[in-house]
Amino acid sequence: MMTLRRKIVSLTLCILLLFMATAAASVLLQSEISEQFSGVVDDYLPLNAAVATIDVFTDRYELDLMRLAAGLREGGVGAGALVQQGEAERLHQARALTTTFQTAEEQLNQFVQDPRASIEKRVAMADIRGRFGYVKRALPNFIEVGRRMSEALNAGRVEEAARIAAGFAPYRGLFGEDLTAVRDELAALTASAAGEAHRLNRGLTILEIVMLGLASLLGISVSMTVSNRMMAGLERLIQGTRQVQDGHGYEMLPVTSNDEIGKLTVAFNHMVEDLRAKDRIKETFGKFVDPRIVANLLDPAGGKDLAERQVATVFFSDIKGFSGLGELLTATTLVKLLNTYFSEMTAAIHARNGIIDKFVGDGLMAFWTAPFSRGESHATDACLAALAQQRAIRELREHLSDVLGLRRELPEFSVRMGLATGDLVVGTIGSPEARSFTVIGDTVNLASRLEGANKAYETSILVDETTFQLAQNDVESREIDFLAVLGRLEPVRVYEIIAPAGCLSVAEQQLCGLFAEGLAAYRARDWDQSERCFAQCLAVMPTDGPAAVFHRRIKLLRGKTLPTDWDGVWQLTDK
């Protein structure tokens with residue numbers, strides 16, 4: 001497996017190998033350049049010096065003798081002493097020249113036999129060696145001519161010295177033109193060797209620049225490629241993580257490498273698979289249990305069997321005349337109607353942070369509590385959810401024919417709702433095999449009774465006093481009655497929720513004012529005033545159920561003798 005460490009190390013090694021190759025090539029070229037310079041310094045320059053020494057010696061040797069001869073002819077003073085003094089110096093130079101010849105011949109032999117030198121240079125050096133040998137063989141004769149001339153001059157035989165001097169003539173071409181040709185050829189070889197060294201040095205510079213450029217280009221290209229692939233993998237992981245975080249879906253990422261980023265991508269894909277599985281569980285069980293409860297159960301920190309007392313708001317609803325409705329519709333149509341109805345109700349409850357507890361036939365139970373509703377907003381959330389459900393029911397009635405597939409004789413479809421707020425036990429309750437997140441307490445019974453009380457008052461939404469006090473700033477309501485319900489000893493003030501705050505029409509505002517006056521007169525046993533007020537309510541809104549109920553109740557109470565401590569509490573005998 002190619003890990004990130006191995007990739008980085010491999011990239012570093014590749015660059016190091018390239019630099020090592022550059023260094024090796026540089027060393028080889030430097031060695032060749034050094035050999036070229038060594039050839040120039042150790043071979044060509046000494047040979048040039050030897051040729052120059054021979055040339056100078058031969059010229060001066062003959063020239064000195066000629067000058068001495070000319071001085072004797074002119075009768076110069078001390079000419080003989082000069083001849084003797086110069087003879088010793090010339091003998092010394094001749095011996096040194098012989099040593100120079102030997103050294104030069106050794107160098108030429110080594111160069112000719114050196115396999116590292118090119119064939120052309122070895123051939124040229126062999127030719128120079130041949131010429132050197134010829135010059136070397138002629139040099140003793142040349143010196144002998146000078147010695148005899150020197151003897152003649154030393155004896156004062158000027159004419160004889162002049163005849164001997166003619167013996168220098170055959171050697172002038174040898175030590176002149178031939179030596180010049182050798183010197184020129186050596187100069188050409190020296191220039192060639194120096195030029196070759198210069199060319200190699202320039203080639204070395206170019207090679208180093210090219211190799212440095214290639215190493216830089218390769219290093220940058222490979223590092224960019226590797227880093228881009230690494231960053232592409234990281235960018236995909238970051239994007240995928242953001243999508244998961246923002247809830248925009250769980251997308252599987254392609255695994256493009258076997259390094260740590262690839263491992264991280266595989267781990268991310270496993271996480272996505274787990275999240276998808278959890279979502280499928282939520283989606284499946286969310287149809288039976290509230291999705292937020294399912295999420296809490298799936299959370300490793302959640303799902304504990306905890307129950308605690310909390311102030312919560314409980315909601316009950318029931319379809320009016322459902323039994324008769326069931327007799328009019330086929331089973332399929334009835335199920336379709338219930339599914340459509342419950343879908344709308346569930347959406348409205350969830351939108352206001354409510355928890356669906358259960359469906360019982362056509363009935364629905366829900367509750368609002370922390371942490372889903374913060375603070376004391378549970379009562380407001382419950383009331384607004386009930387109003388939203390009533391709006392959805394009105395819209396459903398408008399499309400009821402499409403839902404039922406009927407064009408005439410459509411059944412009446414209305415829903416009664418009751419809400420109560422109080423101290424409840426909230427938590428997971430049940431057996432080890434079957435559990436439910438629910439609420440228990442007297443408030444649950446009260447909410448159920450208030451849902452049934454709608455039948456007596458021909459209303460849609462009734463709430464208890466606690467719910468009204470917590471939600472009164474966010475909803476429009478009116479007090480309906482002081483009611484004693486079955487299963488509860490103390491009576492409860494009952495309110496009707498009419499609309500969200502600030503949404504009453506002018507007629508509804510007038511109705512609420514008249515109804516409050518009539519209710520106050522009713523509790524004061526002012527039957528005439530109360531009857532007039534409720535009659536006015538019906539004049540404003542003839543379909544108002546509570547006004548009609550109290551109008552009928554006053555007629556009933558007029559003929560009865562009430563106890564002196566009568567407080568207006570009405571005993572509800574039906575559930």
# chains A, B, ... in the order shown; residues from 1 in each chain; ligands from 1
>>> residues_around(residues="A:Glu531", least_positions_apart="5", cutoff="10 Å", atoms="only C-alpha atoms", output="PyMOL selection string")
chain A and resi 518-519+521-522+526+536-537+547+550-555
>>> residues_around(residues="A:Val463", least_positions_apart="6", cutoff="12 Å", atoms="only C-alpha atoms", output="number ranges by chain")
A: 313-316, 379-380, 382-383, 386, 416-422, 443, 446-454, 469-472, 475, 477-483, 492-498
>>> residues_around(residues="stretch 198-214 of chain A", least_positions_apart="4", cutoff="9 Å", atoms="only C-alpha atoms", output="VMD selection string")
chain A and resid 18 to 19 21 to 23 25 to 26 29 to 30 32 to 33 193 to 194 218 to 219
>>> select_by_dssp(residues="stretch 137-363 of chain A", states="alpha helix (DSSP H)", output="ChimeraX atom specification")
/A:137-155,158-165,169-173,179-246,260-285,291-298,322-328,331-351
>>> residues_around(residues="A:Thr58", least_positions_apart="3", cutoff="9 Å", atoms="only C-alpha atoms", output="list of chain:residue names")
A:Thr53, A:Ile54, A:Asp55, A:Tyr61, A:Glu62, A:Leu63, A:Leu139, A:Phe142, A:Ile143, A:Arg172, A:Phe175, A:Gly176
>>> write_last_selection(atoms="N, CA, C and O atoms", output="compact mmCIF listing (two decimals), in the first residue's frame")
# COMPACT_ATOMS: atom_id res chain seq x y z
N THR A 53 63.19 25.85 -26.72
CA THR A 53 64.58 25.82 -26.20
C THR A 53 65.56 25.40 -27.29
O THR A 53 66.65 25.99 -27.45
N ILE A 54 65.20 24.35 -28.06
CA ILE A 54 66.06 23.88 -29.15
C ILE A 54 66.24 24.98 -30.19
O ILE A 54 67.36 25.23 -30.69
N ASP A 55 65.11 25.59 -30.52
CA ASP A 55 65.16 26.65 -31.55
C ASP A 55 66.08 27.79 -31.09
O ASP A 55 66.92 28.28 -31.84
N TYR A 61 73.60 29.49 -30.81
CA TYR A 61 74.87 28.76 -30.95
C TYR A 61 75.60 29.22 -32.21
O TYR A 61 76.79 29.57 -32.18
N GLU A 62 74.87 29.18 -33.30
CA GLU A 62 75.50 29.59 -34.56
C GLU A 62 75.78 31.10 -34.56
O GLU A 62 76.86 31.56 -35.01
N LEU A 63 74.84 31.89 -34.03
CA LEU A 63 74.99 33.35 -34.07
C LEU A 63 76.19 33.81 -33.21
O LEU A 63 76.94 34.71 -33.61
N LEU A 139 71.66 16.88 -34.00
CA LEU A 139 72.17 17.85 -33.06
C LEU A 139 73.66 17.62 -32.73
O LEU A 139 74.43 18.59 -32.69
N PHE A 142 75.72 19.04 -35.45
CA PHE A 142 75.62 20.49 -35.43
C PHE A 142 76.55 21.06 -34.36
O PHE A 142 77.28 22.04 -34.60
N ILE A 143 76.55 20.43 -33.19
CA ILE A 143 77.43 20.90 -32.11
C ILE A 143 78.91 20.67 -32.48
O ILE A 143 79.79 21.48 -32.14
N ARG A 172 70.35 24.54 -41.14
CA ARG A 172 69.45 25.68 -40.95
C ARG A 172 67.99 25.34 -41.28
O ARG A 172 67.05 25.77 -40.62
N PHE A 175 66.78 23.02 -38.29
CA PHE A 175 66.46 23.71 -37.05
C PHE A 175 65.62 24.96 -37.27
O PHE A 175 65.25 25.63 -36.30
N GLY A 176 65.30 25.24 -38.49
CA GLY A 176 64.47 26.42 -38.77
C GLY A 176 63.06 26.02 -39.16
O GLY A 176 62.13 26.03 -38.36
>>> closest_residue(among="A:Ser118, A:Asn109, A:Asn154, A:Ser343", to="A:Leu65", atoms="only C-alpha atoms")
A:Asn154
>>> select_by_dssp(residues="stretch 134-378 of chain A", states="strand (DSSP E or B)", output="VMD selection string")
chain A and resid 307 to 319 355 to 360 363 to 368
>>> write_last_selection(atoms="N, CA, C and O atoms", output="short mmCIF file (atom, residue, chain, number, x, y, z; two decimals), in the first residue's frame")
data_model
loop_
_atom_site.label_atom_id
_atom_site.label_comp_id
_atom_site.auth_asym_id
_atom_site.auth_seq_id
_atom_site.Cartn_x
_atom_site.Cartn_y
_atom_site.Cartn_z
N ALA A 307 -38.21 8.59 33.06
CA ALA A 307 -39.52 9.22 33.13
C ALA A 307 -39.44 10.29 34.20
O ALA A 307 -38.84 10.09 35.26
N GLU A 308 -40.03 11.44 33.92
CA GLU A 308 -39.97 12.54 34.87
C GLU A 308 -41.24 13.36 34.77
O GLU A 308 -41.96 13.31 33.76
N ARG A 309 -41.50 14.10 35.83
CA ARG A 309 -42.68 14.96 35.84
C ARG A 309 -42.35 16.27 35.14
O ARG A 309 -41.33 16.90 35.40
N GLN A 310 -43.25 16.65 34.23
CA GLN A 310 -43.10 17.90 33.50
C GLN A 310 -44.47 18.51 33.29
O GLN A 310 -45.49 17.80 33.27
N VAL A 311 -44.47 19.81 33.12
CA VAL A 311 -45.70 20.48 32.71
C VAL A 311 -45.80 20.36 31.21
O VAL A 311 -44.91 20.80 30.48
N ALA A 312 -46.88 19.73 30.74
CA ALA A 312 -47.05 19.47 29.32
C ALA A 312 -48.48 19.77 28.91
O ALA A 312 -49.38 19.87 29.75
N THR A 313 -48.67 19.91 27.61
CA THR A 313 -50.00 20.14 27.04
C THR A 313 -50.40 18.92 26.24
O THR A 313 -49.62 18.46 25.39
N VAL A 314 -51.59 18.39 26.51
CA VAL A 314 -52.09 17.18 25.86
C VAL A 314 -53.21 17.56 24.90
O VAL A 314 -54.02 18.46 25.18
N PHE A 315 -53.26 16.84 23.78
CA PHE A 315 -54.23 17.13 22.71
C PHE A 315 -54.96 15.85 22.34
O PHE A 315 -54.34 14.79 22.18
N PHE A 316 -56.29 15.99 22.21
CA PHE A 316 -57.11 14.89 21.68
C PHE A 316 -57.98 15.44 20.56
O PHE A 316 -58.46 16.58 20.62
N SER A 317 -58.17 14.62 19.53
CA SER A 317 -59.09 15.00 18.46
C SER A 317 -59.91 13.79 18.04
O SER A 317 -59.48 12.64 18.22
N ASP A 318 -61.08 14.08 17.48
CA ASP A 318 -61.98 13.00 17.07
C ASP A 318 -62.84 13.53 15.93
O ASP A 318 -63.27 14.70 15.95
N ILE A 319 -63.10 12.68 14.95
CA ILE A 319 -63.93 13.06 13.81
C ILE A 319 -65.41 12.95 14.21
O ILE A 319 -65.84 11.91 14.74
N ILE A 355 -45.64 15.98 19.57
CA ILE A 355 -45.30 14.56 19.51
C ILE A 355 -46.59 13.78 19.32
O ILE A 355 -47.52 13.90 20.12
N ILE A 356 -46.66 12.99 18.24
CA ILE A 356 -47.81 12.11 18.04
C ILE A 356 -47.68 10.94 19.00
O ILE A 356 -46.72 10.18 18.93
N ASP A 357 -48.65 10.80 19.89
CA ASP A 357 -48.61 9.68 20.84
C ASP A 357 -49.22 8.43 20.23
O ASP A 357 -48.60 7.37 20.24
N LYS A 358 -50.42 8.55 19.69
CA LYS A 358 -51.08 7.37 19.12
C LYS A 358 -52.25 7.78 18.26
O LYS A 358 -52.78 8.90 18.36
N PHE A 359 -52.66 6.85 17.37
CA PHE A 359 -53.90 6.94 16.61
C PHE A 359 -54.83 5.86 17.14
O PHE A 359 -54.46 4.68 17.21
N VAL A 360 -56.02 6.26 17.53
CA VAL A 360 -57.02 5.30 18.03
C VAL A 360 -58.25 5.42 17.13
O VAL A 360 -59.09 6.31 17.32
N GLY A 363 -59.46 8.73 16.15
CA GLY A 363 -58.95 9.67 17.14
C GLY A 363 -57.44 9.79 17.08
O GLY A 363 -56.72 8.90 16.63
N LEU A 364 -56.96 10.93 17.60
CA LEU A 364 -55.53 11.21 17.59
C LEU A 364 -55.16 11.82 18.92
O LEU A 364 -55.86 12.70 19.44
N MET A 365 -54.05 11.35 19.50
CA MET A 365 -53.53 11.92 20.74
C MET A 365 -52.12 12.43 20.49
O MET A 365 -51.30 11.74 19.87
N ALA A 366 -51.84 13.63 20.96
CA ALA A 366 -50.51 14.22 20.83
C ALA A 366 -50.21 15.01 22.10
O ALA A 366 -51.10 15.29 22.90
N PHE A 367 -48.95 15.36 22.27
CA PHE A 367 -48.59 16.17 23.43
C PHE A 367 -47.39 17.04 23.08
O PHE A 367 -46.62 16.75 22.17
N TRP A 368 -47.27 18.10 23.87
CA TRP A 368 -46.17 19.05 23.70
C TRP A 368 -45.43 19.17 25.03
O TRP A 368 -46.04 19.40 26.08
#
>>> residues_around(residues="stretch 185-190 of chain A", least_positions_apart="2", cutoff="8 Å", atoms="only C-alpha atoms", output="PyMOL selection string")
chain A and resi 40+44-45+47-48+121+181-183+192-194
>>> residues_around(residues="A:Arg236", least_positions_apart="3", cutoff="12 Å", atoms="only C-alpha atoms", output="list in words")
Asn228, Arg229, Met230, Met231, Ala232, Gly233, Gln239, Gly240, Thr241, Arg242, Gln243, Glu251, Met252, Leu253, Pro254, Val255, Thr256, Ile261, Gly262, Leu264, Thr265, Phe268 and Asn269 of chain A
>>> write_last_selection(atoms="N, CA and C atoms", output="PDB file, in the first residue's frame")
ATOM      1  N   ASN A 228      -2.139  17.628  -5.832  1.00  0.00           N
ATOM      2  CA  ASN A 228      -3.480  17.837  -6.393  1.00  0.00           C
ATOM      3  C   ASN A 228      -4.378  16.641  -6.131  1.00  0.00           C
ATOM      4  N   ARG A 229      -3.815  15.424  -6.288  1.00  0.00           N
ATOM      5  CA  ARG A 229      -4.616  14.232  -6.002  1.00  0.00           C
ATOM      6  C   ARG A 229      -4.976  14.155  -4.524  1.00  0.00           C
ATOM      7  N   MET A 230      -4.010  14.508  -3.690  1.00  0.00           N
ATOM      8  CA  MET A 230      -4.295  14.512  -2.254  1.00  0.00           C
ATOM      9  C   MET A 230      -5.356  15.553  -1.916  1.00  0.00           C
ATOM     10  N   MET A 231      -5.200  16.767  -2.471  1.00  0.00           N
ATOM     11  CA  MET A 231      -6.165  17.822  -2.176  1.00  0.00           C
ATOM     12  C   MET A 231      -7.531  17.510  -2.758  1.00  0.00           C
ATOM     13  N   ALA A 232      -7.555  16.844  -3.951  1.00  0.00           N
ATOM     14  CA  ALA A 232      -8.850  16.468  -4.527  1.00  0.00           C
ATOM     15  C   ALA A 232      -9.584  15.512  -3.598  1.00  0.00           C
ATOM     16  N   GLY A 233      -8.831  14.518  -3.056  1.00  0.00           N
ATOM     17  CA  GLY A 233      -9.449  13.595  -2.112  1.00  0.00           C
ATOM     18  C   GLY A 233      -9.925  14.300  -0.854  1.00  0.00           C
ATOM     19  N   GLN A 239     -16.289  18.321   1.233  1.00  0.00           N
ATOM     20  CA  GLN A 239     -17.591  18.589   0.638  1.00  0.00           C
ATOM     21  C   GLN A 239     -18.621  17.582   1.123  1.00  0.00           C
ATOM     22  N   GLY A 240     -18.212  16.290   1.154  1.00  0.00           N
ATOM     23  CA  GLY A 240     -19.134  15.266   1.638  1.00  0.00           C
ATOM     24  C   GLY A 240     -19.514  15.487   3.090  1.00  0.00           C
ATOM     25  N   THR A 241     -18.536  15.888   3.918  1.00  0.00           N
ATOM     26  CA  THR A 241     -18.818  16.153   5.329  1.00  0.00           C
ATOM     27  C   THR A 241     -19.766  17.330   5.485  1.00  0.00           C
ATOM     28  N   ARG A 242     -19.562  18.366   4.663  1.00  0.00           N
ATOM     29  CA  ARG A 242     -20.468  19.524   4.730  1.00  0.00           C
ATOM     30  C   ARG A 242     -21.883  19.141   4.326  1.00  0.00           C
ATOM     31  N   GLN A 243     -21.997  18.287   3.306  1.00  0.00           N
ATOM     32  CA  GLN A 243     -23.333  17.850   2.895  1.00  0.00           C
ATOM     33  C   GLN A 243     -24.017  17.077   4.009  1.00  0.00           C
ATOM     34  N   GLU A 251     -23.761  11.176   0.270  1.00  0.00           N
ATOM     35  CA  GLU A 251     -23.210  10.727  -1.006  1.00  0.00           C
ATOM     36  C   GLU A 251     -21.942   9.916  -0.766  1.00  0.00           C
ATOM     37  N   MET A 252     -21.914   8.719  -1.380  1.00  0.00           N
ATOM     38  CA  MET A 252     -20.719   7.888  -1.291  1.00  0.00           C
ATOM     39  C   MET A 252     -19.619   8.511  -2.145  1.00  0.00           C
ATOM     40  N   LEU A 253     -18.395   8.534  -1.621  1.00  0.00           N
ATOM     41  CA  LEU A 253     -17.271   9.147  -2.314  1.00  0.00           C
ATOM     42  C   LEU A 253     -16.416   8.075  -2.980  1.00  0.00           C
ATOM     43  N   PRO A 254     -15.870   8.354  -4.169  1.00  0.00           N
ATOM     44  CA  PRO A 254     -14.999   7.374  -4.832  1.00  0.00           C
ATOM     45  C   PRO A 254     -13.664   7.247  -4.106  1.00  0.00           C
ATOM     46  N   VAL A 255     -13.191   6.021  -3.983  1.00  0.00           N
ATOM     47  CA  VAL A 255     -11.891   5.757  -3.360  1.00  0.00           C
ATOM     48  C   VAL A 255     -10.857   5.682  -4.477  1.00  0.00           C
ATOM     49  N   THR A 256      -9.998   6.669  -4.560  1.00  0.00           N
ATOM     50  CA  THR A 256      -9.050   6.784  -5.677  1.00  0.00           C
ATOM     51  C   THR A 256      -7.613   6.443  -5.296  1.00  0.00           C
ATOM     52  N   ILE A 261      -5.591   8.973   2.868  1.00  0.00           N
ATOM     53  CA  ILE A 261      -6.792   9.649   2.388  1.00  0.00           C
ATOM     54  C   ILE A 261      -7.795   8.620   1.874  1.00  0.00           C
ATOM     55  N   GLY A 262      -7.281   7.577   1.189  1.00  0.00           N
ATOM     56  CA  GLY A 262      -8.169   6.500   0.751  1.00  0.00           C
ATOM     57  C   GLY A 262      -8.818   5.799   1.932  1.00  0.00           C
ATOM     58  N   LEU A 264      -9.350   7.116   4.858  1.00  0.00           N
ATOM     59  CA  LEU A 264     -10.305   8.051   5.428  1.00  0.00           C
ATOM     60  C   LEU A 264     -11.584   8.089   4.594  1.00  0.00           C
ATOM     61  N   THR A 265     -11.439   7.993   3.266  1.00  0.00           N
ATOM     62  CA  THR A 265     -12.612   7.962   2.397  1.00  0.00           C
ATOM     63  C   THR A 265     -13.435   6.701   2.635  1.00  0.00           C
ATOM     64  N   PHE A 268     -15.247   7.212   5.760  1.00  0.00           N
ATOM     65  CA  PHE A 268     -16.357   8.144   5.524  1.00  0.00           C
ATOM     66  C   PHE A 268     -17.523   7.423   4.864  1.00  0.00           C
ATOM     67  N   ASN A 269     -17.236   6.562   3.883  1.00  0.00           N
ATOM     68  CA  ASN A 269     -18.300   5.810   3.208  1.00  0.00           C
ATOM     69  C   ASN A 269     -19.005   4.868   4.176  1.00  0.00           C
TER      70      ASN A 269
END
>>> residues_around(residues="A:Leu538", least_positions_apart="5", cutoff="9 Å", atoms="only C-alpha atoms", output="list in words")
Leu511, Cys533, Thr543, Asp544, Gly545, Ala547 and Ala548 of chain A
>>> decode(residues="stretch 360-370 of chain A", atoms="all heavy atoms", output="PDB file, in the first residue's frame")
ATOM      1  N   VAL A 360     -56.023   6.260  17.526  1.00  0.00           N
ATOM      2  CA  VAL A 360     -57.020   5.305  18.028  1.00  0.00           C
ATOM      3  C   VAL A 360     -58.250   5.420  17.134  1.00  0.00           C
ATOM      4  O   VAL A 360     -59.086   6.311  17.319  1.00  0.00           O
ATOM      5  CB  VAL A 360     -57.382   5.574  19.498  1.00  0.00           C
ATOM      6  CG1 VAL A 360     -58.372   4.508  20.003  1.00  0.00           C
ATOM      7  CG2 VAL A 360     -56.140   5.593  20.359  1.00  0.00           C
ATOM      8  N   GLY A 361     -58.334   4.531  16.139  1.00  0.00           N
ATOM      9  CA  GLY A 361     -59.425   4.642  15.174  1.00  0.00           C
ATOM     10  C   GLY A 361     -59.321   5.946  14.429  1.00  0.00           C
ATOM     11  O   GLY A 361     -58.330   6.217  13.740  1.00  0.00           O
ATOM     12  N   ASP A 362     -60.369   6.786  14.584  1.00  0.00           N
ATOM     13  CA  ASP A 362     -60.340   8.108  13.972  1.00  0.00           C
ATOM     14  C   ASP A 362     -59.782   9.154  14.920  1.00  0.00           C
ATOM     15  O   ASP A 362     -59.671  10.322  14.556  1.00  0.00           O
ATOM     16  CB  ASP A 362     -61.756   8.507  13.542  1.00  0.00           C
ATOM     17  CG  ASP A 362     -62.678   8.632  14.751  1.00  0.00           C
ATOM     18  OD1 ASP A 362     -62.665   7.716  15.601  1.00  0.00           O
ATOM     19  OD2 ASP A 362     -63.407   9.634  14.848  1.00  0.00           O
ATOM     20  N   GLY A 363     -59.456   8.735  16.155  1.00  0.00           N
ATOM     21  CA  GLY A 363     -58.950   9.665  17.139  1.00  0.00           C
ATOM     22  C   GLY A 363     -57.442   9.794  17.081  1.00  0.00           C
ATOM     23  O   GLY A 363     -56.724   8.895  16.628  1.00  0.00           O
ATOM     24  N   LEU A 364     -56.965  10.927  17.599  1.00  0.00           N
ATOM     25  CA  LEU A 364     -55.531  11.207  17.590  1.00  0.00           C
ATOM     26  C   LEU A 364     -55.159  11.819  18.923  1.00  0.00           C
ATOM     27  O   LEU A 364     -55.858  12.700  19.436  1.00  0.00           O
ATOM     28  CB  LEU A 364     -55.181  12.169  16.454  1.00  0.00           C
ATOM     29  CG  LEU A 364     -53.708  12.492  16.178  1.00  0.00           C
ATOM     30  CD1 LEU A 364     -53.512  12.850  14.716  1.00  0.00           C
ATOM     31  CD2 LEU A 364     -53.222  13.659  17.036  1.00  0.00           C
ATOM     32  N   MET A 365     -54.051  11.350  19.499  1.00  0.00           N
ATOM     33  CA  MET A 365     -53.526  11.918  20.741  1.00  0.00           C
ATOM     34  C   MET A 365     -52.115  12.429  20.488  1.00  0.00           C
ATOM     35  O   MET A 365     -51.303  11.740  19.874  1.00  0.00           O
ATOM     36  CB  MET A 365     -53.509  10.872  21.860  1.00  0.00           C
ATOM     37  CG  MET A 365     -52.871  11.393  23.157  1.00  0.00           C
ATOM     38  SD  MET A 365     -52.746  10.114  24.427  1.00  0.00           S
ATOM     39  CE  MET A 365     -51.780  10.967  25.673  1.00  0.00           C
ATOM     40  N   ALA A 366     -51.840  13.629  20.960  1.00  0.00           N
ATOM     41  CA  ALA A 366     -50.510  14.220  20.830  1.00  0.00           C
ATOM     42  C   ALA A 366     -50.210  15.006  22.095  1.00  0.00           C
ATOM     43  O   ALA A 366     -51.102  15.285  22.899  1.00  0.00           O
ATOM     44  CB  ALA A 366     -50.429  15.125  19.608  1.00  0.00           C
ATOM     45  N   PHE A 367     -48.953  15.359  22.267  1.00  0.00           N
ATOM     46  CA  PHE A 367     -48.589  16.172  23.427  1.00  0.00           C
ATOM     47  C   PHE A 367     -47.392  17.038  23.082  1.00  0.00           C
ATOM     48  O   PHE A 367     -46.619  16.752  22.170  1.00  0.00           O
ATOM     49  CB  PHE A 367     -48.319  15.309  24.666  1.00  0.00           C
ATOM     50  CG  PHE A 367     -47.214  14.312  24.516  1.00  0.00           C
ATOM     51  CD1 PHE A 367     -45.907  14.635  24.858  1.00  0.00           C
ATOM     52  CD2 PHE A 367     -47.471  13.042  24.028  1.00  0.00           C
ATOM     53  CE1 PHE A 367     -44.891  13.717  24.735  1.00  0.00           C
ATOM     54  CE2 PHE A 367     -46.455  12.111  23.898  1.00  0.00           C
ATOM     55  CZ  PHE A 367     -45.165  12.449  24.248  1.00  0.00           C
ATOM     56  N   TRP A 368     -47.268  18.103  23.871  1.00  0.00           N
ATOM     57  CA  TRP A 368     -46.167  19.055  23.701  1.00  0.00           C
ATOM     58  C   TRP A 368     -45.433  19.170  25.030  1.00  0.00           C
ATOM     59  O   TRP A 368     -46.037  19.397  26.078  1.00  0.00           O
ATOM     60  CB  TRP A 368     -46.721  20.437  23.323  1.00  0.00           C
ATOM     61  CG  TRP A 368     -47.095  20.567  21.882  1.00  0.00           C
ATOM     62  CD1 TRP A 368     -46.394  21.202  20.922  1.00  0.00           C
ATOM     63  CD2 TRP A 368     -48.287  20.069  21.259  1.00  0.00           C
ATOM     64  NE1 TRP A 368     -47.049  21.140  19.716  1.00  0.00           N
ATOM     65  CE2 TRP A 368     -48.227  20.432  19.891  1.00  0.00           C
ATOM     66  CE3 TRP A 368     -49.389  19.341  21.706  1.00  0.00           C
ATOM     67  CZ2 TRP A 368     -49.212  20.109  18.988  1.00  0.00           C
ATOM     68  CZ3 TRP A 368     -50.370  19.005  20.798  1.00  0.00           C
ATOM     69  CH2 TRP A 368     -50.278  19.388  19.449  1.00  0.00           C
ATOM     70  N   THR A 369     -44.120  19.000  24.977  1.00  0.00           N
ATOM     71  CA  THR A 369     -43.325  19.043  26.193  1.00  0.00           C
ATOM     72  C   THR A 369     -41.870  19.347  25.842  1.00  0.00           C
ATOM     73  O   THR A 369     -41.474  19.303  24.664  1.00  0.00           O
ATOM     74  CB  THR A 369     -43.415  17.715  26.962  1.00  0.00           C
ATOM     75  OG1 THR A 369     -42.714  17.837  28.201  1.00  0.00           O
ATOM     76  CG2 THR A 369     -42.785  16.577  26.177  1.00  0.00           C
ATOM     77  N   ALA A 370     -41.067  19.655  26.849  1.00  0.00           N
ATOM     78  CA  ALA A 370     -39.630  19.852  26.643  1.00  0.00           C
ATOM     79  C   ALA A 370     -38.998  18.491  26.341  1.00  0.00           C
ATOM     80  O   ALA A 370     -39.498  17.454  26.795  1.00  0.00           O
ATOM     81  CB  ALA A 370     -39.004  20.469  27.896  1.00  0.00           C
TER      82      ALA A 370
END
